[in-house]
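So the structure is just underneath, and the comments pick up after that.
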Amino acid sequence: MRKINEIIVHCTATTPNWWEGRSSEEKVREVRDWHLKRGWSDIGYHWLIDRDGTVVQGRPEEKIGAHVKGHNTGTIGISLFGGHGSSADDDFNDHFTWAQEEALRNLIGEIEQRYDIQKVSGHNEYSSKACPGFRVGPFLNKKPAPAPRTSVTQSKTVQASAVQIASGAGAAVSSIAMLDGNAQYIILCFAGLVALMGVWILRERLKKWAAGIR
(Lines give C-alpha, C1' and ligand atoms only; values in the text may rest on other atoms or scores of the structure.)
Protein backbone atom coordinates (compact mmCIF):
# COMPACT_ATOMS: atom_id res chain seq x y z
CA MET A 1 0.00 0.00 0.00
CA ARG A 2 1.38 3.40 -0.93
CA LYS A 3 2.03 6.01 1.73
CA ILE A 4 -0.67 8.71 1.75
CA ASN A 5 -0.43 11.88 3.83
CA GLU A 6 -2.60 14.46 2.05
CA ILE A 7 -6.08 14.89 0.61
CA ILE A 8 -6.58 17.40 -2.21
CA VAL A 9 -10.09 18.65 -3.03
CA HIS A 10 -11.20 19.50 -6.57
CA CYS A 11 -14.35 20.24 -8.56
CA THR A 12 -15.45 19.04 -11.98
CA ALA A 13 -16.27 22.64 -13.07
CA THR A 14 -19.66 21.46 -14.35
CA THR A 15 -22.92 23.39 -14.03
CA PRO A 16 -25.36 22.53 -11.19
CA ASN A 17 -27.76 20.79 -13.60
CA TRP A 18 -25.12 19.02 -15.68
CA TRP A 19 -26.43 15.59 -16.73
CA GLU A 20 -29.40 16.08 -14.44
CA GLY A 21 -31.37 12.85 -14.18
CA ARG A 22 -28.34 10.66 -14.90
CA SER A 23 -26.93 8.40 -12.19
CA SER A 24 -23.79 9.28 -10.27
CA GLU A 25 -22.05 6.27 -11.80
CA GLU A 26 -22.87 7.50 -15.32
CA LYS A 27 -21.41 10.91 -14.50
CA VAL A 28 -18.22 9.36 -13.17
CA ARG A 29 -17.90 7.26 -16.34
CA GLU A 30 -18.21 10.45 -18.38
CA VAL A 31 -15.43 12.13 -16.39
CA ARG A 32 -13.32 8.99 -16.84
CA ASP A 33 -13.83 9.29 -20.61
CA TRP A 34 -12.63 12.92 -20.49
CA HIS A 35 -9.45 11.85 -18.74
CA LEU A 36 -8.84 8.84 -20.97
CA LYS A 37 -9.08 11.11 -24.01
CA ARG A 38 -6.25 13.15 -22.49
CA GLY A 39 -4.11 10.04 -22.64
CA TRP A 40 -4.32 9.19 -18.94
CA SER A 41 -4.55 5.56 -17.82
CA ASP A 42 -7.73 6.13 -15.79
CA ILE A 43 -9.86 8.84 -14.19
CA GLY A 44 -7.61 11.24 -12.29
CA TYR A 45 -9.63 11.48 -9.06
CA HIS A 46 -9.94 8.78 -6.43
CA TRP A 47 -13.39 9.86 -5.22
CA LEU A 48 -16.20 11.97 -6.68
CA ILE A 49 -19.20 13.46 -4.83
CA ASP A 50 -22.44 14.09 -6.71
CA ARG A 51 -24.91 16.91 -6.03
CA ASP A 52 -27.10 14.68 -3.86
CA GLY A 53 -24.14 13.59 -1.72
CA THR A 54 -23.59 10.25 -3.45
CA VAL A 55 -19.93 9.22 -3.23
CA VAL A 56 -18.47 7.18 -6.10
CA GLN A 57 -14.96 5.77 -6.31
CA GLY A 58 -12.86 6.75 -9.29
CA ARG A 59 -9.26 5.54 -9.39
CA PRO A 60 -8.41 3.02 -6.66
CA GLU A 61 -6.68 4.63 -3.67
CA GLU A 62 -3.68 2.31 -3.96
CA LYS A 63 -2.90 3.81 -7.37
CA ILE A 64 -1.31 7.23 -7.78
CA GLY A 65 -3.86 9.71 -9.11
CA ALA A 66 -3.63 12.37 -11.82
CA HIS A 67 -5.21 15.43 -10.25
CA VAL A 68 -2.43 17.91 -9.32
CA LYS A 69 0.77 18.13 -11.35
CA GLY A 70 3.73 17.48 -9.10
CA HIS A 71 1.55 16.50 -6.12
CA ASN A 72 0.02 13.17 -7.04
CA THR A 73 2.41 10.98 -5.07
CA GLY A 74 1.20 10.55 -1.50
CA THR A 75 -2.16 12.24 -2.10
CA ILE A 76 -5.80 11.30 -2.64
CA GLY A 77 -7.92 13.42 -4.96
CA ILE A 78 -11.58 14.12 -4.19
CA SER A 79 -13.72 15.98 -6.72
CA LEU A 80 -17.11 17.62 -6.22
CA PHE A 81 -19.56 17.78 -9.12
CA GLY A 82 -20.24 21.46 -9.82
CA GLY A 83 -18.15 24.59 -9.44
CA HIS A 84 -18.65 25.99 -12.94
CA GLY A 85 -17.80 29.70 -12.99
CA SER A 86 -16.44 29.70 -9.45
CA SER A 87 -13.48 31.64 -8.10
CA ALA A 88 -10.91 30.52 -5.58
CA ASP A 89 -12.33 32.65 -2.76
CA ASP A 90 -16.02 31.86 -3.16
CA ASP A 91 -17.99 30.27 -0.34
CA PHE A 92 -18.59 26.51 -0.52
CA ASN A 93 -22.36 27.00 -0.54
CA ASP A 94 -22.17 29.32 -3.56
CA HIS A 95 -21.59 26.35 -5.84
CA PHE A 96 -22.20 23.13 -3.91
CA THR A 97 -25.03 21.56 -1.93
CA TRP A 98 -25.49 20.82 1.74
CA ALA A 99 -25.50 17.10 0.88
CA GLN A 100 -22.11 17.49 -0.77
CA GLU A 101 -20.74 19.30 2.27
CA GLU A 102 -21.86 16.53 4.59
CA ALA A 103 -20.50 13.84 2.27
CA LEU A 104 -17.17 15.64 1.85
CA ARG A 105 -16.64 16.06 5.58
CA ASN A 106 -17.57 12.42 6.20
CA LEU A 107 -15.31 11.14 3.41
CA ILE A 108 -12.36 13.16 4.67
CA GLY A 109 -12.96 11.74 8.14
CA GLU A 110 -13.04 8.17 6.81
CA ILE A 111 -9.81 8.64 4.84
CA GLU A 112 -8.13 10.16 7.89
CA GLN A 113 -8.94 6.96 9.79
CA ARG A 114 -7.20 4.85 7.13
CA TYR A 115 -4.07 6.95 6.63
CA ASP A 116 -1.82 9.36 8.50
CA ILE A 117 -3.21 12.47 6.83
CA GLN A 118 -1.13 15.56 7.58
CA LYS A 119 -2.94 18.06 5.34
CA VAL A 120 -6.23 18.60 3.53
CA SER A 121 -5.88 21.17 0.77
CA GLY A 122 -7.47 22.50 -2.38
CA HIS A 123 -6.21 22.41 -5.96
CA ASN A 124 -6.00 26.22 -5.89
CA GLU A 125 -3.19 25.99 -3.33
CA TYR A 126 -0.93 24.43 -5.97
CA SER A 127 -2.20 26.19 -9.07
CA SER A 128 -3.58 29.51 -10.23
CA LYS A 129 -6.86 27.74 -10.95
CA ALA A 130 -10.06 28.48 -9.00
CA CYS A 131 -10.65 24.75 -8.39
CA PRO A 132 -12.36 23.65 -6.19
CA GLY A 133 -14.12 27.04 -5.98
CA PHE A 134 -13.48 27.78 -2.28
CA ARG A 135 -10.65 27.76 0.25
CA VAL A 136 -10.50 24.32 1.83
CA GLY A 137 -8.77 25.31 5.07
CA PRO A 138 -11.30 27.98 6.15
CA PHE A 139 -14.14 25.72 4.98
CA LEU A 140 -13.04 22.85 7.23
CA ASN A 141 -12.49 25.18 10.17
CA LYS A 142 -15.99 26.60 9.85
CA LYS A 143 -18.95 25.07 11.63
CA PRO A 144 -20.86 22.74 9.27
CA ALA A 145 -23.94 24.26 7.68
CA PRO A 146 -27.26 23.17 9.27
CA ALA A 147 -29.38 20.67 7.41
CA PRO A 148 -31.87 22.35 5.07
CA ARG A 149 -35.46 22.46 6.32
CA THR A 150 -37.87 20.34 4.38
CA SER A 151 -41.06 21.25 6.25
CA VAL A 152 -42.39 24.45 7.80
CA THR A 153 -43.43 22.40 10.83
CA GLN A 154 -39.74 22.19 11.78
CA SER A 155 -39.81 25.87 12.79
CA LYS A 156 -40.28 26.29 16.54
CA THR A 157 -41.51 29.88 16.14
CA VAL A 158 -44.07 28.85 13.53
CA GLN A 159 -45.25 26.07 15.83
CA ALA A 160 -45.56 28.57 18.68
CA SER A 161 -47.56 30.98 16.50
CA ALA A 162 -50.01 28.27 15.48
CA VAL A 163 -50.51 27.25 19.11
CA GLN A 164 -51.05 30.88 20.16
CA ILE A 165 -53.65 31.48 17.45
CA ALA A 166 -55.50 28.24 18.26
CA SER A 167 -55.46 28.94 22.01
CA GLY A 168 -56.71 32.47 21.51
CA ALA A 169 -59.54 31.31 19.27
CA GLY A 170 -60.60 28.68 21.78
CA ALA A 171 -60.63 31.14 24.65
CA ALA A 172 -62.60 33.66 22.60
CA VAL A 173 -65.33 31.13 21.74
CA SER A 174 -65.71 30.15 25.39
CA SER A 175 -66.00 33.78 26.50
CA ILE A 176 -68.49 34.84 23.82
CA ALA A 177 -70.95 32.14 24.79
CA MET A 178 -71.43 33.79 28.18
CA LEU A 179 -72.17 37.35 26.88
CA ASP A 180 -75.23 39.18 25.53
CA GLY A 181 -75.66 40.22 21.88
CA ASN A 182 -73.88 43.63 21.91
CA ALA A 183 -71.02 42.33 23.97
CA GLN A 184 -70.66 39.36 21.65
CA TYR A 185 -70.44 41.69 18.65
CA ILE A 186 -67.71 43.77 20.31
CA ILE A 187 -65.78 40.69 21.36
CA LEU A 188 -66.04 39.20 17.87
CA CYS A 189 -64.59 42.38 16.33
CA PHE A 190 -61.76 42.36 18.85
CA ALA A 191 -61.13 38.66 18.26
CA GLY A 192 -60.99 39.32 14.53
CA LEU A 193 -58.30 41.94 15.04
CA VAL A 194 -56.35 39.58 17.27
CA ALA A 195 -56.62 36.83 14.65
CA LEU A 196 -55.39 39.18 11.92
CA MET A 197 -52.46 40.16 14.10
CA GLY A 198 -51.70 36.48 14.71
CA VAL A 199 -51.75 35.77 10.98
CA TRP A 200 -49.39 38.69 10.35
CA ILE A 201 -46.99 37.43 13.02
CA LEU A 202 -47.19 33.94 11.53
CA ARG A 203 -46.39 35.35 8.09
CA GLU A 204 -43.31 37.16 9.43
CA ARG A 205 -42.14 34.02 11.15
CA LEU A 206 -42.60 32.06 7.93
CA LYS A 207 -40.32 34.58 6.23
CA LYS A 208 -37.68 33.97 8.90
CA TRP A 209 -38.12 30.23 8.51
CA ALA A 210 -37.54 30.52 4.76
CA ALA A 211 -34.38 32.47 5.49
CA GLY A 212 -33.14 29.70 7.81
CA ILE A 213 -33.75 31.54 11.09
CA ARG A 214 -35.17 29.11 13.67
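If you're wondering about the labels, chains in the C-alpha coordinates are A, B, ... by order shown, residues count from 1 in each chain, ligands from 1 in order shown.
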
Taking 5 positions as the minimum chain separation for residues in the same chain, which residues sit within 6 Å of stretch 1-15 of chain A when counting only C-alpha atoms? Answer as a PyMOL selection string. chain A and resi 62+74-84+116-123+131-132

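For stretch 11-96 of chain A, backbone-based DSSP labels the following residues as strand (DSSP E or B): Cys11, Thr14, Trp47, Leu48, Ile49, Val55, Val56, Gln57, Thr75, Ile76, Gly77, Ile78, Ser79, Leu80 and Gly83 of chain A.
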
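Taking only C-alpha atoms, the non-local environment of A:Leu140 within 12 Å (same-chain residues fewer than 5 positions away omitted) comprises Val9, Asp91, Phe92, Glu101, Glu102, Leu104, Arg105, Asn106, Ile108, Gly109, Lys119, Val120, Ser121, Gly122, Phe134, Arg135 and Ala145 of chain A.
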
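Residues of stretch 87-127 of chain A assigned to alpha helix (DSSP H) by DSSP on this structure's backbone: A:Phe92, A:Asn93, A:Asp94, A:His95, A:Trp98, A:Ala99, A:Gln100, A:Glu101, A:Glu102, A:Ala103, A:Leu104, A:Arg105, A:Asn106, A:Leu107, A:Ile108, A:Gly109, A:Glu110, A:Ile111, A:Glu112, A:Gln113, A:Arg114.
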
Any idea what the distance is between atom CA of A:Ser41 and atom CA of A:Ser87? 29.2 Å

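Between atom CA of A:Lys69 and atom CA of A:Lys129 lies a distance of 12.3 Å.
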
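Taking only C-alpha atoms into account, A:Phe96 lies nearest to A:Ile49 out of the set A:Val55, A:Val68, A:Ile49, A:Ala130.
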
Neighbouring residues of A:Asp33 were defined as those with any atom within 9 Å, considering only C-alpha atoms; residues of the same chain fewer than 5 positions away were excluded. Please report them as a ChimeraX atom specification. /A:28,38,42-43

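Rounded to one decimal, atom CA of A:Leu107 and atom CA of A:Arg22 lie 22.5 Å from each other.
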
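Counting only C-alpha atoms, A:Ser24 has the following residues at most 8 Å away, ignoring those fewer than 3 positions along the same chain: Lys27, Val28, Asp50, Thr54 and Val56 of chain A.
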
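By chain and then residue number, the residues within 9 Å of A:Arg59 are A:Asp42, A:Ile43, A:Gly44, A:Tyr45, A:His46, A:Trp47, A:Lys63, A:Ile64, A:Gly65, counting only C-alpha atoms and disregarding those fewer than 4 positions away in sequence.
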